[in-house]
Amino acid sequence: MKKIYARPKYLKPVSMHYCPGCGHSIVTKLIAEIIEEMSVADITICVPPAGCAVLTYNYLDVDTTESAHGRAIAVATGIKRVLPDRLVFTYQGDGDLAAIGTAETVHAANRGERITTVFMNNAVYGMTGGQMAPTTILGQKTTTSPFGRDLVREGAPLKISEMLAVLPSTVYIERTAVNSVAGIKATKKAIKKAFKVQQDDLGFSLVEVLSPCPTNWKMTPLASCRWIDEVMAKEYPLGVIKDTTRQTHKKEAADAD
Amino acid sequence: MTKNKNKKLMRGNAVVGEAAIKAGCTCYFGYPITPQNQLPEYMSRRLVEVGGVFIQSESEISAINMALGASVAGARVMTSSSSPGISLKQEGISFLAGCELPCVIVNMARGGPGLGNISPAQSDYFQATRGGGHGDYRSLVYAPASCQELADLTMEAFDVADVYRNPVMILADGMIGQMMEPVTYDNYKPREIPPKDYILDGAKDRPSRIIKSLILNPHEMEEFNWKLARKYRIIEKNETKYEEFMMDDAKVAVIAYGTAARIAKGAVKRARNDGMRVGLIRPITLWPFPSEIIYRRAASVGLFFVFEMSAGQMVEDVRLALKGESEIYFYGRPGGIVPTPVEVQRLITRQYYQKGLI
Amino acid sequence: MFNYTIFGRAVKGKIVIAVEMCKGCLYCVEACPKHLITEATRLNTKGYYPAEFNPSEDNECTACTLCAISCPEAAIEVYRDEKQK
């Protein structure tokens with residue numbers, strides 16, 4: 001019998017610390033597969049900040065630097081500007097990207113930094129025990145919104161991807177979910193495309209991934225996946241939020257003639 | 001002073017920029033804040049001319065983290081700000097120390113605390129020398145007192161940062177940053193720098209590398225802290241810099257750095273004219289602090305006259321250095337006041353006679 | 001792209017689950033179109049009830065890899081019987 005699927009080459013042979021059913025481990029695995037398929041392991045630099053994904057350097061076998069909470073995109077900017085021909089991506093959570101790191105996110109996107117951001121949206125601060133995040137759904141109970149997130153008290157879940165789509169220099173923004181095999185495949189396709197956008201030097205690319213967090217949602221892994229479909233995806237609809245890659249190609253083609 | 005080599009009249013803030021570029025700095029990340037604005041302005045033109053990277057970031061926090069990223073990628077990098085902005089950078093500086101990454105951070109200090117004002121002051125001494133950020137780390141702190149020293153120490157800062165893989169701070173103030181003096185960039189002799197075999201530039205024909213400051217296992221973290229401590233002992237031994245001025249037969253030793261030292265020199269010269277045996281010890285590195293030199297002078301000096309443009313911060317290090325073996329008189333003017341040499345001389349004279357040091 | 005059948009005959013395959021890496025999230029149980037994976041009744045060393053592969057005569061694995069794709073731990077290897085080509 002021929003082995004047709006195995007642990008990806010650039011996923012270190014260690015058991016990941018993520019909770020059972022966590023979306024982080026799925027996406028970390030996908031990134032490892034993409035890096036292998038695009039054969040970019042020797043030019044890839046990964047920047048995970050503090051958060052559940054802080055230990056990504058233990059899992060992805062590529063050059064990795066772990067940045068301060070919320071500052072991954074700034075660190076990645078520094079790296080990419082020094083090494084423009086490397087593939088630089090940040091792997092951030094929702095608290096990191098849409099709360100403490102909002103300014104870094106908005107301005108890196110607005111400058112059109114040629115970096116890719118994998119934005120894991122699991123509606124809570126996972127690592128620290130399930131506090132409310134900017135993306136916590138209205139009515140969702142967390143350790144710091146025990147009565148359920150309230151519009152008047154805590155405001156609505158932040159649509160950071162839609163906000164970034166308004167900025168001219170963002171080129172490709174898509175929201176997917178890793179709560180099903182189809183969703184996992186779509187996520188892999190999206191991240192791969194985002195990496196290509198970076199390599200084609202088109203502008204800023206971001207993939208937002210709705211990710212199950214069973215432990216902090218206090219649900220089973222499978223129930224978490226259902227909750228994403230039934231509740232979360234209503235607030236955060238899946239699909240391509242922005243994709244100007246074709247125009248830019250056309251523009252370049254036009255300029256070329 | 002060497003007679004006019006190719007000297008150029010330049011403003012302090014710009015001198016830092018040019019010196020950095022002469023030292024091979026290819027990346028600068030800054031943010032507007034008085035009184036250091038001319039530096040980002042200078043770099044926005046000059047650094048780009050030499051093909052470097054300039055970003056005016058969205059905040060001092062982003063700037064220090066971009067600098068960290070550029071350092072991760074192996075570039076010589078600088079960021080600058082003034083007091084409140086330096087407060088914002090403290091987490092980043094702690095991360096630089098924790099990741100053992102070189103970076104030059106310039107603080108043109110101003111009156112504080114809070115929004116303070118834009119006048120020159122020395123009230124960031126504790127923040128700079130005790131490390132305003134978290135964790136057991138130290139940053140090497142240079143205190144230039146002239147535009148020429150700004151040039152020389154900035155260039156040295158880049159070498160020292162690379163040699164020890166540690167953040168290095170240039171602590172000046174609004175006056176030094178704004179004044180114009182002739183400078184040459186040929187004074188400083190570059191050092192031998194070890195190869196940067198730790199940077200991240202893609203694991204090509206080598207295993208992947210990690211740069212991080214997270215060490216979850218406390219035993220490993222302790223070991224790492226002792227490693228840093230050994231590094232700091234070596235820095236203390238090798239990198240302490242100071243200047244002694246008219247100290248040979250001095251009965252009163254004025255201790256001051258930066259702008260305060262310039263003023264104190266004027267006061268010392270005047271006191272000498274009046275026949276008083278007064279001298280100046282000027283720390284050039286604030287950390288490591290020149291404690292031994294001060295302690296050695298305790299035998300011959302009757303009074304240490306500590307003068308700072310602050311409410312008194314370096315005086316504590318002087319107290320530590322002297323171990324109670326000599327008397328200390330502190331004179332400080334915080335809040336952005338720049339006293340005159342005459343004012344300081346009057347106080348020295350009073351102390352001189354009151355202590356019967358004739 | 002999953003060739004369930006080659007020249008009309010069902011493709012045969014199998015999976016190997018790294019039992020000690022499995023955290024019992026059961027994604028693979030849900031993903032397997034032929035329901036060949038179930039939750040084991042005994043714990044692994046980490047204290048999870050791992051996934052267990054139990055094909056049967058009339059219900060065989062077709063190496064469609066959906067279980068492996070859905071596994072967060074990359075703990076499933078998929079094999080396909082190439083002999084039938």
# chains A, B, ... in the order shown; residues from 1 in each chain; ligands from 1
$ interface_residues --of "chain B" --to "chain A" --cutoff "8 Å" --atoms "only C-alpha atoms" --output "ChimeraX atom specification"
/B:27,53,57-58,62-63,65-73,75,92,95,200-205,208-214
$ closest_atom_pairs --of "range 60-161 of chain B" --to "range 333-352 of chain B" --cutoff "7 Å" --atoms "only C-alpha atoms" --output "JSON lines"
{"residue": "B:Arg110", "atom": "CA", "partner": "B:Gly336", "partner_atom": "CA", "distance": 6.6}
{"residue": "B:Gly111", "atom": "CA", "partner": "B:Gly336", "partner_atom": "CA", "distance": 4.6}
{"residue": "B:Gly112", "atom": "CA", "partner": "B:Gly335", "partner_atom": "CA", "distance": 6.1}
{"residue": "B:Ser119", "atom": "CA", "partner": "B:Gly336", "partner_atom": "CA", "distance": 4.5}
{"residue": "B:Pro120", "atom": "CA", "partner": "B:Gly336", "partner_atom": "CA", "distance": 5.1}
{"residue": "B:Ala121", "atom": "CA", "partner": "B:Gly336", "partner_atom": "CA", "distance": 4.9}
$ residues_around --residues "Thr136 in chain A" --least-positions-apart "5" --cutoff "10 Å" --atoms "only C-alpha atoms" --output "number ranges by chain"
A: 94-95, 121-125, 131, 141-142, 145, 148-149, 154-158, 232, 235
$ residues_around --residues "Pro84 in chain B" --least-positions-apart "6" --cutoff "10 Å" --atoms "only C-alpha atoms" --output "VMD selection string"
chain B and resid 33 60 107 109 to 116 124
$ residues_around --residues "Ala186 in chain A" --least-positions-apart "3" --cutoff "12 Å" --atoms "only C-alpha atoms" --output "ChimeraX atom specification"
/A:27,30,174-183,189-193,207-210,238-240 /C:69
$ residues_around --residues "Glu37 in chain A" --least-positions-apart "5" --cutoff "10 Å" --atoms "only C-alpha atoms" --output "count of residues only"
4
$ interface_residues --of "chain A" --to "chain C" --cutoff "9 Å" --atoms "only C-alpha atoms" --output "PyMOL selection string"
chain A and resi 1-8+11+14-16+18-30+178-181+184-185+220-222
$ write_last_selection --atoms "N, CA, C and O atoms" --output "tab-separated table (two decimals), in the first residue's frame"
chain	number	residue	atom	x	y	z
A	1	MET	N	0.84	-1.20	0.00
A	1	MET	CA	0.00	0.00	0.00
A	1	MET	C	0.88	1.25	0.00
A	1	MET	O	1.84	1.38	0.77
A	2	LYS	N	0.47	2.21	-0.80
A	2	LYS	CA	1.29	3.44	-0.91
A	2	LYS	C	0.71	4.47	0.05
A	2	LYS	O	-0.50	4.71	0.10
A	3	LYS	N	1.61	5.12	0.76
A	3	LYS	CA	1.14	6.17	1.68
A	3	LYS	C	0.79	7.40	0.85
A	3	LYS	O	1.63	7.92	0.11
A	4	ILE	N	-0.43	7.85	0.94
A	4	ILE	CA	-0.79	9.02	0.11
A	4	ILE	C	-1.07	10.24	0.97
A	4	ILE	O	-1.33	11.33	0.48
A	5	TYR	N	-1.05	10.05	2.28
A	5	TYR	CA	-1.21	11.23	3.14
A	5	TYR	C	-0.46	10.96	4.44
A	5	TYR	O	-0.62	9.91	5.06
A	6	ALA	N	0.38	11.90	4.84
A	6	ALA	CA	1.11	11.73	6.11
A	6	ALA	C	1.33	13.10	6.73
A	6	ALA	O	0.99	14.13	6.14
A	7	ARG	N	1.94	13.06	7.87
A	7	ARG	CA	2.20	14.31	8.57
A	7	ARG	C	3.07	15.21	7.69
A	7	ARG	O	4.07	14.75	7.14
A	8	PRO	N	2.71	16.44	7.48
A	8	PRO	CA	3.48	17.30	6.58
A	8	PRO	C	4.94	17.41	7.03
A	8	PRO	O	5.24	17.40	8.22
A	11	LEU	N	5.93	20.18	9.48
A	11	LEU	CA	5.25	20.18	10.77
A	11	LEU	C	6.09	19.29	11.69
A	11	LEU	O	6.22	18.09	11.47
A	14	VAL	N	6.11	16.71	16.75
A	14	VAL	CA	5.80	16.80	18.19
A	14	VAL	C	4.29	16.93	18.33
A	14	VAL	O	3.62	17.41	17.41
A	15	SER	N	3.80	16.54	19.48
A	15	SER	CA	2.37	16.72	19.72
A	15	SER	C	2.13	18.18	20.06
A	15	SER	O	2.82	18.75	20.91
A	16	MET	N	1.20	18.79	19.40
A	16	MET	CA	0.94	20.22	19.63
A	16	MET	C	0.18	20.39	20.94
A	16	MET	O	-0.57	19.52	21.36
A	18	TYR	N	-2.17	22.34	21.56
A	18	TYR	CA	-3.53	22.86	21.41
A	18	TYR	C	-4.55	21.89	21.98
A	18	TYR	O	-4.32	20.69	22.06
A	19	CYS	N	-5.70	22.43	22.37
A	19	CYS	CA	-6.75	21.61	22.96
A	19	CYS	C	-7.34	20.70	21.87
A	19	CYS	O	-7.22	20.98	20.68
A	20	PRO	N	-8.03	19.63	22.32
A	20	PRO	CA	-8.69	18.75	21.34
A	20	PRO	C	-9.64	19.54	20.44
A	20	PRO	O	-10.44	20.34	20.93
A	21	GLY	N	-9.50	19.41	19.17
A	21	GLY	CA	-10.42	20.05	18.23
A	21	GLY	C	-10.11	21.50	17.94
A	21	GLY	O	-10.88	22.19	17.28
A	22	CYS	N	-8.96	21.97	18.41
A	22	CYS	CA	-8.65	23.41	18.23
A	22	CYS	C	-8.35	23.72	16.78
A	22	CYS	O	-7.62	22.98	16.12
A	23	GLY	N	-8.85	24.84	16.32
A	23	GLY	CA	-8.62	25.23	14.93
A	23	GLY	C	-7.16	25.58	14.66
A	23	GLY	O	-6.65	25.42	13.55
A	24	HIS	N	-6.44	26.03	15.69
A	24	HIS	CA	-5.04	26.39	15.49
A	24	HIS	C	-4.23	25.22	14.95
A	24	HIS	O	-3.42	25.38	14.03
A	25	SER	N	-4.49	24.03	15.55
A	25	SER	CA	-3.64	22.91	15.09
A	25	SER	C	-3.97	22.56	13.65
A	25	SER	O	-3.09	22.18	12.88
A	26	ILE	N	-5.23	22.73	13.28
A	26	ILE	CA	-5.59	22.43	11.88
A	26	ILE	C	-4.85	23.39	10.96
A	26	ILE	O	-4.19	22.99	9.98
A	27	VAL	N	-4.91	24.69	11.27
A	27	VAL	CA	-4.34	25.68	10.36
A	27	VAL	C	-2.81	25.61	10.36
A	27	VAL	O	-2.16	25.77	9.34
A	28	THR	N	-2.24	25.30	11.55
A	28	THR	CA	-0.77	25.13	11.58
A	28	THR	C	-0.37	24.01	10.62
A	28	THR	O	0.59	24.15	9.84
A	29	LYS	N	-1.15	22.94	10.66
A	29	LYS	CA	-0.87	21.80	9.75
A	29	LYS	C	-1.02	22.25	8.29
A	29	LYS	O	-0.16	21.97	7.45
A	30	LEU	N	-2.08	23.02	8.01
A	30	LEU	CA	-2.30	23.48	6.63
A	30	LEU	C	-1.13	24.32	6.15
A	30	LEU	O	-0.64	24.17	5.02
A	178	VAL	N	-12.59	26.58	9.69
A	178	VAL	CA	-12.02	25.22	9.69
A	178	VAL	C	-12.91	24.31	10.53
A	178	VAL	O	-12.43	23.52	11.35
A	179	ASN	N	-14.22	24.44	10.32
A	179	ASN	CA	-15.14	23.61	11.10
A	179	ASN	C	-15.69	22.45	10.29
A	179	ASN	O	-16.65	21.80	10.69
A	180	SER	N	-15.08	22.21	9.12
A	180	SER	CA	-15.53	21.07	8.29
A	180	SER	C	-14.41	20.77	7.30
A	180	SER	O	-13.53	21.61	7.09
A	181	VAL	N	-14.47	19.61	6.67
A	181	VAL	CA	-13.44	19.27	5.70
A	181	VAL	C	-13.47	20.28	4.55
A	181	VAL	O	-12.43	20.80	4.12
A	184	ILE	N	-11.88	23.36	5.71
A	184	ILE	CA	-10.43	23.21	5.83
A	184	ILE	C	-9.79	23.35	4.45
A	184	ILE	O	-8.79	24.05	4.27
A	185	LYS	N	-10.41	22.72	3.47
A	185	LYS	CA	-9.85	22.83	2.10
A	185	LYS	C	-9.90	24.28	1.61
A	185	LYS	O	-8.94	24.79	1.03
A	220	THR	N	-18.25	20.53	23.08
A	220	THR	CA	-17.40	19.49	22.50
A	220	THR	C	-16.84	20.03	21.17
A	220	THR	O	-17.41	20.97	20.59
A	221	PRO	N	-15.75	19.44	20.70
A	221	PRO	CA	-15.20	19.90	19.41
A	221	PRO	C	-16.26	19.92	18.30
A	221	PRO	O	-16.42	20.90	17.59
A	222	LEU	N	-17.04	18.85	18.18
A	222	LEU	CA	-18.02	18.79	17.09
A	222	LEU	C	-19.13	19.83	17.31
A	222	LEU	O	-19.56	20.50	16.36
$ select_by_dssp --residues "range 166-240 of chain A" --states "strand (DSSP E)" --output "list of chain:residue names"
A:Thr170, A:Val171, A:Tyr172, A:Ile173, A:Glu174, A:Arg175, A:Thr176, A:Ala177, A:Phe204, A:Ser205, A:Leu206, A:Val207, A:Glu208, A:Val209, A:Leu210, A:Gly239, A:Val240
$ residues_around --residues "range 145-159 of chain B" --least-positions-apart "3" --cutoff "8 Å" --atoms "only C-alpha atoms" --output "MDAnalysis selection string"
chainID B and resid 10:12 15:16 18:20 22:23 25 76 102:104 142 162:163 168:170 172 176:177 179:185 187:188 190:191 193 257:259 261:262
$ select_by_dssp --residues "range 19-51 of chain C" --states "alpha helix (DSSP H)" --output "ChimeraX atom specification"
/C:27-31
$ write_last_selection --atoms "all heavy atoms" --output "tab-separated table (two decimals), in the first residue's frame"
chain	number	residue	atom	x	y	z
C	27	TYR	N	-13.23	14.58	15.01
C	27	TYR	CA	-13.48	15.19	13.70
C	27	TYR	C	-13.45	14.13	12.60
C	27	TYR	O	-14.21	14.16	11.64
C	27	TYR	CB	-12.43	16.27	13.40
C	27	TYR	CG	-12.64	17.56	14.16
C	27	TYR	CD1	-11.65	18.54	14.19
C	27	TYR	CD2	-13.82	17.80	14.88
C	27	TYR	CE1	-11.84	19.74	14.89
C	27	TYR	CE2	-14.00	18.97	15.57
C	27	TYR	CZ	-13.02	19.94	15.58
C	27	TYR	OH	-13.20	21.11	16.27
C	28	CYS	N	-12.52	13.17	12.79
C	28	CYS	CA	-12.38	12.16	11.74
C	28	CYS	C	-13.61	11.25	11.71
C	28	CYS	O	-14.05	10.83	10.62
C	28	CYS	CB	-11.13	11.33	11.98
C	28	CYS	SG	-11.09	10.57	13.61
C	29	VAL	N	-14.16	11.03	12.87
C	29	VAL	CA	-15.37	10.19	12.94
C	29	VAL	C	-16.46	10.81	12.08
C	29	VAL	O	-17.14	10.16	11.28
C	29	VAL	CB	-15.85	10.05	14.41
C	29	VAL	CG1	-17.21	9.35	14.45
C	29	VAL	CG2	-14.81	9.31	15.22
C	30	GLU	N	-16.57	12.13	12.19
C	30	GLU	CA	-17.60	12.85	11.43
C	30	GLU	C	-17.24	12.92	9.94
C	30	GLU	O	-18.10	12.89	9.07
C	30	GLU	CB	-17.73	14.28	12.00
C	30	GLU	CG	-18.60	15.20	11.18
C	30	GLU	CD	-19.69	15.87	12.00
C	30	GLU	OE1	-20.00	15.36	13.10
C	30	GLU	OE2	-20.21	16.89	11.55
C	31	ALA	N	-15.93	13.00	9.69
C	31	ALA	CA	-15.51	13.24	8.30
C	31	ALA	C	-15.63	12.00	7.44
C	31	ALA	O	-15.90	12.09	6.24
C	31	ALA	CB	-14.05	13.73	8.29
